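Data file: upload_37.txt. Format and content: compact mmCIF, C-alpha atoms.
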```
# COMPACT_ATOMS: atom_id res chain seq x y z
CA MET A 23 -7.37 -3.62 4.10
CA PRO A 24 -8.57 -0.78 4.22
CA ALA A 25 -4.32 2.45 3.91
CA ALA A 26 -3.25 5.97 3.42
CA SER A 27 0.26 6.57 2.15
CA SER A 28 2.62 9.23 3.42
CA GLN A 29 4.93 8.75 0.46
CA PRO A 30 5.41 11.87 -1.66
CA ARG A 31 3.86 12.01 -5.07
CA ARG A 32 5.99 11.45 -8.10
CA PRO A 33 7.54 14.64 -9.44
CA ARG A 34 5.20 16.62 -11.63
CA SER A 35 5.85 19.68 -13.71
CA GLY A 36 3.42 21.53 -11.48
CA ASN A 37 1.35 23.32 -14.10
CA ARG A 38 -2.43 23.14 -14.11
CA ARG A 39 -2.62 21.19 -17.34
CA ASP A 40 -0.47 18.38 -15.89
CA GLU A 41 -2.57 18.21 -12.71
CA ALA A 42 -5.77 18.12 -14.73
CA ALA A 43 -4.34 15.31 -16.87
CA ARG A 44 -3.22 13.39 -13.80
CA LEU A 45 -6.67 13.58 -12.25
CA ALA A 46 -8.29 12.64 -15.55
CA VAL A 47 -6.13 9.51 -15.70
CA LEU A 48 -6.97 8.52 -12.12
CA HIS A 49 -10.70 9.02 -12.68
CA ALA A 50 -10.60 7.15 -15.98
CA ALA A 51 -8.82 4.19 -14.41
CA ASP A 52 -11.32 4.11 -11.56
CA ASP A 53 -14.33 4.25 -13.89
CA LEU A 54 -13.00 1.67 -16.35
CA LEU A 55 -12.16 -0.80 -13.58
CA VAL A 56 -15.72 -0.61 -12.27
CA GLU A 57 -17.14 -0.95 -15.79
CA HIS A 58 -14.92 -3.72 -17.18
CA GLY A 59 -12.85 -5.29 -14.38
CA PHE A 60 -9.12 -5.48 -13.80
CA GLY A 61 -8.36 -7.97 -16.58
CA ALA A 62 -9.89 -5.80 -19.30
CA LEU A 63 -8.31 -2.59 -18.02
CA THR A 64 -5.49 -1.34 -20.27
CA VAL A 65 -3.30 1.73 -20.37
CA GLU A 66 -4.58 2.37 -23.89
CA ALA A 67 -8.19 2.42 -22.68
CA ILE A 68 -7.29 4.70 -19.78
CA ALA A 69 -5.52 7.10 -22.16
CA ARG A 70 -8.55 7.21 -24.45
CA ARG A 71 -11.00 7.82 -21.61
CA ALA A 72 -8.76 10.46 -20.01
CA GLY A 73 -8.04 12.20 -23.29
CA VAL A 74 -4.26 12.02 -22.90
CA ALA A 75 -1.49 10.38 -24.87
CA LYS A 76 -0.38 6.92 -23.82
CA GLN A 77 3.17 8.26 -23.57
CA THR A 78 1.97 10.75 -20.96
CA ILE A 79 0.70 7.93 -18.79
CA TYR A 80 3.92 5.92 -19.09
CA ARG A 81 5.91 9.01 -18.21
CA TRP A 82 4.13 9.14 -14.87
CA TRP A 83 3.24 5.51 -14.13
CA PRO A 84 5.01 2.26 -15.08
CA SER A 85 1.81 0.17 -15.08
CA LYS A 86 -1.92 0.16 -14.56
CA VAL A 87 -1.36 -1.21 -11.05
CA GLU A 88 0.50 1.95 -10.07
CA ILE A 89 -2.26 4.10 -11.54
CA LEU A 90 -4.84 2.20 -9.49
CA LEU A 91 -2.72 2.52 -6.36
CA ASP A 92 -2.55 6.29 -6.81
CA THR A 93 -6.32 6.31 -7.27
CA LEU A 94 -6.84 4.19 -4.16
CA ILE A 95 -4.46 6.22 -2.00
CA GLU A 96 -5.99 9.53 -3.04
CA ASP A 97 -9.57 8.38 -2.61
CA SER A 98 -8.87 6.62 0.69
CA ASN A 99 -7.26 9.75 2.10
CA LYS A 100 -10.37 11.74 1.20
CA ARG A 101 -13.16 9.28 1.93
CA LEU A 102 -11.75 6.73 4.38
CA PRO A 103 -9.36 8.54 6.71
CA VAL A 104 -8.17 6.71 9.79
CA PRO A 105 -9.47 8.64 12.83
CA THR A 106 -6.82 10.79 14.49
CA GLU A 107 -9.00 12.26 17.22
CA LYS A 108 -11.35 10.88 19.87
CA PRO A 109 -9.65 7.50 20.40
CA THR A 110 -12.73 5.61 21.51
CA ALA A 111 -14.58 2.43 20.67
CA GLU A 112 -17.20 4.63 18.99
CA SER A 113 -14.69 6.31 16.67
CA ILE A 114 -13.34 2.89 15.71
CA ARG A 115 -16.90 1.70 15.13
CA GLY A 116 -17.43 4.69 12.85
CA TYR A 117 -14.26 3.89 10.93
CA LEU A 118 -15.40 0.30 10.38
CA ARG A 119 -18.80 1.47 9.17
CA SER A 120 -17.05 3.84 6.76
CA PHE A 121 -14.89 0.94 5.59
CA THR A 122 -18.02 -1.11 4.92
CA ARG A 123 -19.54 1.71 2.86
CA PHE A 124 -16.24 2.23 1.05
CA LEU A 125 -16.12 -1.41 -0.04
CA THR A 126 -19.76 -1.68 -1.04
CA ARG A 127 -20.66 1.75 -2.45
CA ASP A 128 -17.51 3.61 -3.47
CA PRO A 129 -15.82 2.92 -6.82
CA ALA A 130 -12.48 3.13 -5.01
CA GLY A 131 -13.60 0.18 -2.90
CA LYS A 132 -13.71 -1.84 -6.12
CA VAL A 133 -10.13 -0.74 -6.79
CA LEU A 134 -9.09 -2.00 -3.35
CA LEU A 135 -10.76 -5.37 -3.91
CA ALA A 136 -9.23 -5.70 -7.38
CA LEU A 137 -5.72 -4.99 -6.10
CA ILE A 138 -6.12 -7.48 -3.26
CA ALA A 139 -7.19 -10.12 -5.77
CA GLN A 140 -4.35 -9.29 -8.19
CA ALA A 141 -1.81 -9.36 -5.37
CA GLN A 142 -2.60 -13.02 -4.70
CA HIS A 143 -0.86 -14.18 -7.89
CA ASP A 144 1.34 -11.23 -8.89
CA PRO A 145 4.34 -10.67 -6.57
CA GLY A 146 5.00 -7.24 -8.05
CA THR A 147 1.48 -6.07 -7.28
CA ALA A 148 1.69 -7.58 -3.80
CA LYS A 149 4.95 -5.77 -3.04
CA SER A 150 3.75 -2.40 -4.29
CA PHE A 151 0.36 -2.79 -2.61
CA HIS A 152 1.95 -3.55 0.76
CA GLU A 153 4.60 -0.83 0.52
CA ARG A 154 2.41 1.96 -0.78
CA TYR A 155 -1.03 1.27 0.69
CA LEU A 156 -1.47 -1.54 3.17
CA GLY A 157 1.66 -0.92 5.25
CA PRO A 158 1.12 2.82 5.79
CA ARG A 159 -2.57 2.35 6.55
CA ARG A 160 -1.86 -0.48 8.96
CA ASP A 161 0.57 1.82 10.81
CA GLN A 162 -2.20 4.39 11.17
CA GLU A 163 -4.66 1.76 12.38
CA ARG A 164 -2.19 0.50 14.98
CA ASP A 165 -1.77 4.06 16.22
CA MET A 166 -5.56 4.45 16.40
CA LEU A 167 -5.83 1.36 18.61
CA ALA A 168 -2.83 2.31 20.75
CA ARG A 169 -4.28 5.73 21.52
CA ALA A 170 -7.65 4.23 22.44
CA ILE A 171 -5.94 1.70 24.72
CA ASP A 172 -3.83 4.40 26.37
CA ALA A 173 -6.98 6.43 26.98
CA GLY A 174 -8.60 3.42 28.69
CA GLU A 175 -11.37 3.34 26.10
CA ILE A 176 -10.76 -0.19 24.83
CA ALA A 177 -9.06 -3.33 26.11
CA PRO A 178 -8.61 -5.71 23.18
CA ARG A 179 -7.80 -9.28 24.08
CA LEU A 180 -5.57 -9.72 21.02
CA GLY A 181 -2.45 -7.91 19.87
CA SER A 182 -2.86 -4.89 17.63
CA ASP A 183 -2.32 -6.64 14.28
CA ALA A 184 -4.55 -9.58 15.23
CA THR A 185 -7.23 -7.16 16.46
CA ILE A 186 -7.19 -5.19 13.21
CA ASN A 187 -7.33 -8.41 11.19
CA ALA A 188 -10.25 -9.66 13.27
CA LEU A 189 -12.11 -6.36 12.85
CA VAL A 190 -11.69 -5.85 9.12
CA GLY A 191 -11.35 -9.48 8.02
CA PRO A 192 -15.04 -10.46 8.14
CA ILE A 193 -16.07 -7.25 6.36
CA LEU A 194 -13.45 -7.72 3.67
CA TYR A 195 -14.32 -11.40 3.22
CA CYS A 196 -17.98 -10.56 2.62
CA ALA A 197 -17.02 -7.94 0.04
CA LEU A 198 -14.55 -10.21 -1.74
CA THR A 199 -17.08 -13.04 -2.00
CA GLY A 200 -19.97 -10.79 -3.01
CA SER A 201 -21.91 -11.59 0.13
CA SER A 202 -24.09 -9.02 1.85
CA ILE A 203 -22.56 -7.50 4.97
CA PRO A 204 -24.92 -7.95 7.95
CA ARG A 205 -26.04 -4.65 9.43
CA ASP A 206 -25.04 -5.67 12.94
CA LEU A 207 -21.64 -7.11 12.00
CA VAL A 208 -19.65 -4.02 12.92
CA ASP A 209 -21.44 -3.68 16.27
CA THR A 210 -20.76 -7.31 17.10
CA LEU A 211 -17.08 -7.02 16.19
CA VAL A 212 -16.60 -3.89 18.26
CA GLU A 213 -18.42 -5.25 21.28
CA ASP A 214 -16.62 -8.60 21.21
CA LEU A 215 -13.12 -7.42 20.36
CA LEU A 216 -12.69 -3.95 21.82
CA ARG A 217 -14.87 -3.34 24.86
CA PRO A 218 -13.07 -3.16 28.21
CA CYS A 219 -13.81 -6.00 30.57
CA THR A 220 -16.31 -4.85 33.22
CA ASP A 221 -15.96 -7.78 35.62
```
What does this structure look like when you write it as structure tokens?
Amino acid sequence: MPAASSQPRRPRSGNRRDEAARLAVLHAADDLLVEHGFGALTVEAIARRAGVAKQTIYRWWPSKVEILLDTLIEDSNKRLPVPTEKPTAESIRGYLRSFTRFLTRDPAGKVLLALIAQAQHDPGTAKSFHERYLGPRRDQERDMLARAIDAGEIAPRLGSDATINALVGPILYCALTGSSIPRDLVDTLVEDLLRPCTD
């Protein structure tokens, strides 16, 4: 699923031109993926769209997968942060609603779906995806649940990983299969999986 990475960025020269080129590459990769899909995405096309030399891209990234991961990490940090305050069922509900919007409306959501798909048959993509994105984000999501449990706000019947899977799995499945995501899906998941028992 939806993960932010705490890993430091690759070394850059630090001047403004390099940062502008880096951002141009990330935006170009994002746009081209949405326009043409993962299979048609090439480093050459990214270089053309970004207005940089292909050698510049290979100096910073070994593959298009790593470019997309940088794009996903950066965009997720900005537009899909894991809540760090107010550990309640409502804040988790809000996070899941944001995740739904991210998958269905944000170009970076298409990047996430493409990397999940590519990871199914490319071990290298799977390893990098887990190490750089999914693992760090899952750690943050576990912490979100743990703090809500400690505060007495939720009482999930499943363990933390199973709870996260059960919360995000149906949303992700709908997005991966191109199905519409029911408006009340998030509410149902939160009520069934997180609410403290009242009896």
> When distances are computed from all atoms listed in the file, which of A:Ile186, A:Leu94, A:Asp172, A:Pro103 shows the smallest separation from Tyr155 in chain A?
Replying inline: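 With all atoms listed in the file as the atom set, the closest residue is A:Leu94.
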> Which residue out of A:Thr122, A:Thr64, A:Thr93, A:Gln77 has the minimum interatomic distance to Ser202 in chain A when only C-alpha atoms are used?
Replying inline: A:Thr122
>> What does the structure give for the distance between CA of Pro129 in chain A and CA of Leu55 in chain A, in Å to one decimal?
In response: 8.5 Å
>> What does the structure give for the distance between CA of Asp40 in chain A and CA of Arg101 in chain A, in Å to one decimal?
In response: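 These atoms are spaced 23.7 Å apart.
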> Taking into account all atoms listed in the file, which residue in the set A:Lys76, A:Lys86, A:Arg81, A:Lys108 is nearest to Leu54 in chain A?
Replying inline: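 Ranked by minimum distance to Leu54 in chain A, first place goes to A:Lys86.
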>> Set the distance at 10 Å and use only C-alpha atoms: which residues neighbour Val133 in chain A once local chain neighbours fewer than 6 positions away are removed? I'd like the list as a PyMOL selection string.
In response: chain A and resi 51-53+55-56+59-60+87+90-91+93-94+125+139
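Comparing A:Trp83, A:Thr210, A:Thr78, A:Leu63 by their smallest distance to Ala50 in chain A, the closest is A:Leu63 (using only C-alpha atoms).
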>> Give me the residues near Ile114 in chain A as a list in words, where near means some atom within 9 Å (using all atoms listed in the file) and where sequence neighbours in that chain fewer than 3 positions away do not count.
In response: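 Within the cut-off, the hits are Val104, Pro105, Pro109, Thr110, Ala111, Tyr117, Leu118, Arg119, Met166, Leu167, Ala170 and Val212 of chain A.
For the atom pair formed by CA of Arg70 in chain A and CA of Trp82 in chain A, the distance is 16.0 Å, given to one decimal.
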Around all listed atoms of range 78-82 of chain A, padded 3 Å per side, what centre and edge lengths does the axis-aligned box have in Å to one decimal, as AutoDock Vina command-line options?
```
--center_x 3.3 --center_y 8.3 --center_z -17.9 --size_x 11.2 --size_y 10.8 --size_z 12.1
```
> Using only C-alpha atoms, which of A:Leu135, A:Val208, A:Ala46, A:Ile203 sits nearest Leu189 in chain A?
Replying inline: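 With only C-alpha atoms as the atom set, the closest residue is A:Val208.
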Compute the distance from (-16.8, -7.9, -6.0) to each atom, counting only C-alpha atoms, keep the residues with any atom at most 7 Å away, and return them as an mmCIF file with C-alpha atoms, in the frame of the given file; use the coordinates of the file.
```
data_model
loop_
_atom_site.group_PDB
_atom_site.id
_atom_site.type_symbol
_atom_site.label_atom_id
_atom_site.label_comp_id
_atom_site.auth_asym_id
_atom_site.auth_seq_id
_atom_site.Cartn_x
_atom_site.Cartn_y
_atom_site.Cartn_z
ATOM 1 C CA LYS A 132 -13.710 -1.840 -6.120
ATOM 2 C CA LEU A 135 -10.760 -5.370 -3.910
ATOM 3 C CA ALA A 197 -17.020 -7.940 0.040
ATOM 4 C CA LEU A 198 -14.550 -10.210 -1.740
ATOM 5 C CA THR A 199 -17.080 -13.040 -2.000
ATOM 6 C CA GLY A 200 -19.970 -10.790 -3.010
#
```
